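To start, the structure itself, in structure tokens.
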Amino acid sequence: MKTAYLILENGAVFEGFSFGYEGEVTGEVVFATGMSGYLETLTDPSYFGQIILQTFPLIGNYGVIPADFESAKIGAKGYIVKRPCQNPSNFRNEGVLDTFLKERKIPGLCGIDTRALTRVIREGGVMNGKITLTAPTESDREQAKSYRVINAVSSVSSSEIAKLSEGLHRIALLDFGAKRGIAAELIARDCEVWNFPYNATFEEIMQVKPHGIMLSNGPGDPAEPSNSAIVEVIKKLQNSGLPMFGICLGHQLLAMANNYKTRKLKFGHRGANQPVKDVETGRVFITSQNHGYAVIAENSAFVNVNDGSCEGLEYDRSFSVQFHPEARGGPLDTNYLFDKFLGRVKNAT
């Protein structure tokens with residue numbers, strides 16, 4: 001295995017080995033704490049522009065399973081693990097992680113002290129980094145430091161309006177980088193799902209006469225200027241009185257349409273073990289999350305137990321959550337929120 005390096009914008013260097021595609025890449029380094037679900041993580045469009053660090057040491061032990069993909073592409077720019085498994089064992093396995101990354105041209109880094117790197121990010125905050133096959137230089141550090149994630153939503157959204165299924169309840173899914181699991185949950189509840197690209201107009205959406213609106217997850221800073229047109233469309237949709245359900249970035253954009261502000265978290269929430277409290281009932285759920293920004297709100301419907309940040313908001317006919325109730329590959333504690341949404345759709349029709 002060839003020697004490879006990660007250099008962070010603060011100058012820290014981690015030496016390890018190259019796996020996956022042999023190449024260099026610069027991105028925002030973020031850590032994910034899931035012990036499983038690496039395929040869902042890799043294919044989640046919300047990781048656009050980022051280099052994923054897996055905190056669990058052994059990754060790839062059940063191989064590559066296309067049925068578990070959340071999109072057709074790998075969302076991240078790079079991948080860092082302690083030890084990639086070269087001999088996966090699973091009855092559903094169709095390949096090896098190393099080969100999968102090579103085929104998709106995603107550079108990987110392994111063999112480093114991933115716990116030490118996680119501590120650097122946890123204590124210093126999310127920062128940019130560069131994976132390189134040559135000894136890092138000051139130029140590499142400057143390149144990492146100047147990196148920015150831009151045009152995130154437009155880079156991962158679908159480009160055409162498409163009808164995904166037949167069903168009783170017609171739902172317009174606004175695709176900001178949607179995971180397949182969201183549409184799957186709607187389809188399982190007898191929904192006729194229409195997928196709309198990020199730049200769809202209010203008139204185009206209303207032309208299919210939807211019974212409800214689903215705002216998907218997606219990457220990047222919700223306050224990025226390129227998202228302003230999306231926020232305006234969401235305002236019009238909300239004013240139409242249609243029930244609306246926002247997830248992750250969809251939650252943030254719906255909040256912005258209602259004059260809330262957002263902020264960047266120190267190191268974000270990424271993994272399948274984030275505790276969230278229902279403020280009304282006091283019940284705590286374990287949730288799957290992937291986001292680096294949070295809504296600033298004092299009237300949250302859900303709060304993160306670890307840091308108190310907003311995890312959900314209620315409106316007149318709409319609601320939204322920062323976590324993932326579709327939760328591929330788990331946990332499914334909050335899957336009931338899709339039933340709540342469909343209940344509102346039925347009442348409105």
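To be explicit about the labels: the chains of the structure tokens are called A, B, and onward in the order shown, and within each one the residues are counted from 1, while ligands get numbers from 1 in the order they are shown.
For stretch 35-129 of chain A, the set of residues given strand (DSSP E) by DSSP on the backbone reads Gln50, Ile51, Ile52, Leu53, Gln54, Leu58, Ile59, Gly78, Tyr79, Ile80, Val81, Arg83, Pro84, Pro107, Gly108, Leu109, Cys110, Met127, Asn128 and Gly129 of chain A.
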Next, dump the selected residues to file, keeping only all heavy atoms, as a compact mmCIF listing (two decimals), in the first residue's frame.
# COMPACT_ATOMS: atom_id res chain seq x y z
N GLN A 50 -17.31 17.08 1.22
CA GLN A 50 -16.68 16.71 2.49
C GLN A 50 -15.84 15.44 2.38
O GLN A 50 -16.04 14.62 1.49
CB GLN A 50 -17.76 16.53 3.56
CG GLN A 50 -18.53 17.81 3.84
CD GLN A 50 -19.66 17.63 4.83
OE1 GLN A 50 -20.29 16.56 4.89
NE2 GLN A 50 -19.95 18.65 5.61
N ILE A 51 -14.90 15.30 3.31
CA ILE A 51 -14.12 14.08 3.48
C ILE A 51 -14.63 13.43 4.76
O ILE A 51 -14.56 14.03 5.83
CB ILE A 51 -12.61 14.39 3.59
CG1 ILE A 51 -12.10 15.02 2.30
CG2 ILE A 51 -11.83 13.12 3.92
CD1 ILE A 51 -10.65 15.50 2.38
N ILE A 52 -15.16 12.22 4.63
CA ILE A 52 -15.77 11.55 5.77
C ILE A 52 -14.73 10.77 6.56
O ILE A 52 -13.95 9.99 5.99
CB ILE A 52 -16.87 10.57 5.32
CG1 ILE A 52 -17.95 11.29 4.52
CG2 ILE A 52 -17.50 9.86 6.53
CD1 ILE A 52 -18.94 10.35 3.85
N LEU A 53 -14.71 10.96 7.86
CA LEU A 53 -13.89 10.19 8.79
C LEU A 53 -14.80 9.28 9.60
O LEU A 53 -15.69 9.76 10.30
CB LEU A 53 -13.12 11.14 9.73
CG LEU A 53 -12.55 10.54 11.02
CD1 LEU A 53 -11.48 9.51 10.72
CD2 LEU A 53 -12.02 11.64 11.94
N GLN A 54 -14.61 7.96 9.48
CA GLN A 54 -15.39 7.02 10.28
C GLN A 54 -14.68 6.77 11.61
O GLN A 54 -13.51 6.37 11.64
CB GLN A 54 -15.56 5.69 9.53
CG GLN A 54 -16.36 5.78 8.24
CD GLN A 54 -17.86 5.73 8.44
OE1 GLN A 54 -18.63 5.72 7.48
NE2 GLN A 54 -18.30 5.72 9.68
N LEU A 58 -13.24 -0.58 12.17
CA LEU A 58 -13.31 -1.53 11.06
C LEU A 58 -14.50 -1.19 10.17
O LEU A 58 -15.65 -1.26 10.60
CB LEU A 58 -13.44 -2.96 11.58
CG LEU A 58 -13.56 -4.06 10.51
CD1 LEU A 58 -12.32 -4.09 9.64
CD2 LEU A 58 -13.81 -5.41 11.15
N ILE A 59 -14.22 -0.87 8.92
CA ILE A 59 -15.26 -0.49 7.97
C ILE A 59 -15.16 -1.36 6.73
O ILE A 59 -14.06 -1.61 6.22
CB ILE A 59 -15.13 1.00 7.58
CG1 ILE A 59 -15.33 1.91 8.80
CG2 ILE A 59 -16.12 1.36 6.47
CD1 ILE A 59 -16.73 1.87 9.40
N GLY A 78 -13.88 12.33 -0.24
CA GLY A 78 -12.84 11.43 0.24
C GLY A 78 -13.33 10.63 1.42
O GLY A 78 -14.38 10.93 2.01
N TYR A 79 -12.55 9.61 1.81
CA TYR A 79 -12.99 8.68 2.85
C TYR A 79 -11.80 8.27 3.71
O TYR A 79 -10.75 7.87 3.18
CB TYR A 79 -13.63 7.46 2.20
CG TYR A 79 -14.55 6.66 3.09
CD1 TYR A 79 -15.50 7.28 3.90
CD2 TYR A 79 -14.51 5.27 3.09
CE1 TYR A 79 -16.37 6.53 4.68
CE2 TYR A 79 -15.38 4.51 3.87
CZ TYR A 79 -16.31 5.16 4.67
OH TYR A 79 -17.16 4.41 5.44
N ILE A 80 -11.96 8.35 5.04
CA ILE A 80 -10.88 8.01 5.97
C ILE A 80 -11.38 6.96 6.96
O ILE A 80 -12.40 7.17 7.62
CB ILE A 80 -10.39 9.25 6.74
CG1 ILE A 80 -9.92 10.34 5.77
CG2 ILE A 80 -9.27 8.88 7.70
CD1 ILE A 80 -9.56 11.66 6.45
N VAL A 81 -10.66 5.86 7.07
CA VAL A 81 -11.01 4.81 8.03
C VAL A 81 -9.73 4.30 8.68
O VAL A 81 -8.62 4.46 8.15
CB VAL A 81 -11.76 3.63 7.36
CG1 VAL A 81 -13.01 4.12 6.67
CG2 VAL A 81 -10.86 2.88 6.39
N ARG A 83 -9.26 0.89 9.50
CA ARG A 83 -8.93 -0.38 8.87
C ARG A 83 -10.04 -0.80 7.90
O ARG A 83 -11.13 -1.17 8.34
CB ARG A 83 -8.74 -1.47 9.92
CG ARG A 83 -8.30 -2.83 9.35
CD ARG A 83 -8.22 -3.87 10.43
NE ARG A 83 -7.32 -3.48 11.50
CZ ARG A 83 -7.21 -4.12 12.67
NH1 ARG A 83 -7.98 -5.17 12.91
NH2 ARG A 83 -6.36 -3.69 13.57
N PRO A 84 -9.80 -0.75 6.60
CA PRO A 84 -10.80 -1.21 5.64
C PRO A 84 -10.75 -2.74 5.50
O PRO A 84 -9.67 -3.31 5.39
CB PRO A 84 -10.38 -0.54 4.33
CG PRO A 84 -8.90 -0.35 4.48
CD PRO A 84 -8.62 -0.17 5.94
N PRO A 107 -10.79 9.01 -3.46
CA PRO A 107 -9.57 8.71 -2.71
C PRO A 107 -9.87 8.37 -1.25
O PRO A 107 -10.75 8.98 -0.63
CB PRO A 107 -8.76 10.01 -2.79
CG PRO A 107 -9.33 10.75 -3.96
CD PRO A 107 -10.79 10.39 -3.97
N GLY A 108 -9.15 7.39 -0.72
CA GLY A 108 -9.31 7.01 0.67
C GLY A 108 -7.98 7.04 1.40
O GLY A 108 -6.90 6.97 0.79
N LEU A 109 -8.04 7.13 2.71
CA LEU A 109 -6.86 7.11 3.57
C LEU A 109 -7.15 6.17 4.73
O LEU A 109 -8.22 6.25 5.35
CB LEU A 109 -6.56 8.51 4.11
CG LEU A 109 -5.39 8.65 5.09
CD1 LEU A 109 -4.06 8.34 4.41
CD2 LEU A 109 -5.36 10.06 5.69
N CYS A 110 -6.22 5.24 5.01
CA CYS A 110 -6.42 4.31 6.11
C CYS A 110 -5.14 4.19 6.92
O CYS A 110 -4.08 4.71 6.53
CB CYS A 110 -6.85 2.94 5.60
SG CYS A 110 -5.60 2.06 4.61
N MET A 127 -12.81 21.36 10.24
CA MET A 127 -11.83 22.11 9.44
C MET A 127 -11.56 21.38 8.14
O MET A 127 -11.87 20.20 8.00
CB MET A 127 -10.54 22.33 10.22
CG MET A 127 -9.81 21.06 10.61
SD MET A 127 -8.39 21.43 11.69
CE MET A 127 -9.23 21.76 13.25
N ASN A 128 -10.99 22.10 7.20
CA ASN A 128 -10.68 21.53 5.90
C ASN A 128 -9.39 20.72 5.95
O ASN A 128 -8.55 20.92 6.83
CB ASN A 128 -10.55 22.63 4.85
CG ASN A 128 -11.82 23.42 4.68
OD1 ASN A 128 -12.92 22.91 4.92
ND2 ASN A 128 -11.70 24.67 4.26
N GLY A 129 -9.25 19.83 4.99
CA GLY A 129 -8.05 19.03 4.90
C GLY A 129 -7.80 18.56 3.48
O GLY A 129 -8.69 18.65 2.62
I'd like the contact shell of A:Ser158 - 10 Å cut-off, only C-alpha atoms, skipping same-chain residues fewer than 3 positions apart - returned as a list of chain:residue names.
A:Val153, A:Ser154, A:Ser155, A:Ile161, A:Ala162, A:Leu174, A:Asp175, A:Phe176, A:Gly177, A:Ala178, A:Asn195, A:Phe196, A:Pro197, A:Tyr198, A:Asn199
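Each of A:Leu186, A:Val276, A:Val149, A:Leu97 was compared to A:Gly60 using only C-alpha atoms, and A:Leu97 turns out to be the nearest.
Excluding stretch 30-47 of chain A itself and same-chain residues fewer than 6 positions from it, the residues having an atom within 6 Å of it are A:Leu53, A:Gln54, A:Thr55, A:Phe56, A:Phe69, A:Glu70, A:Ser71, A:Lys73, A:Ile74, A:Gly75, A:Ala76, A:Gly177, A:Gly218, A:Pro219, A:Arg270, A:Gly271, A:Ala272, A:Gly329, counting only C-alpha atoms.
Distances here use only C-alpha atoms; by that measure, the residue among A:Ala72, A:Leu6, A:Val156, A:Leu101 closest to A:Leu117 is A:Leu6.
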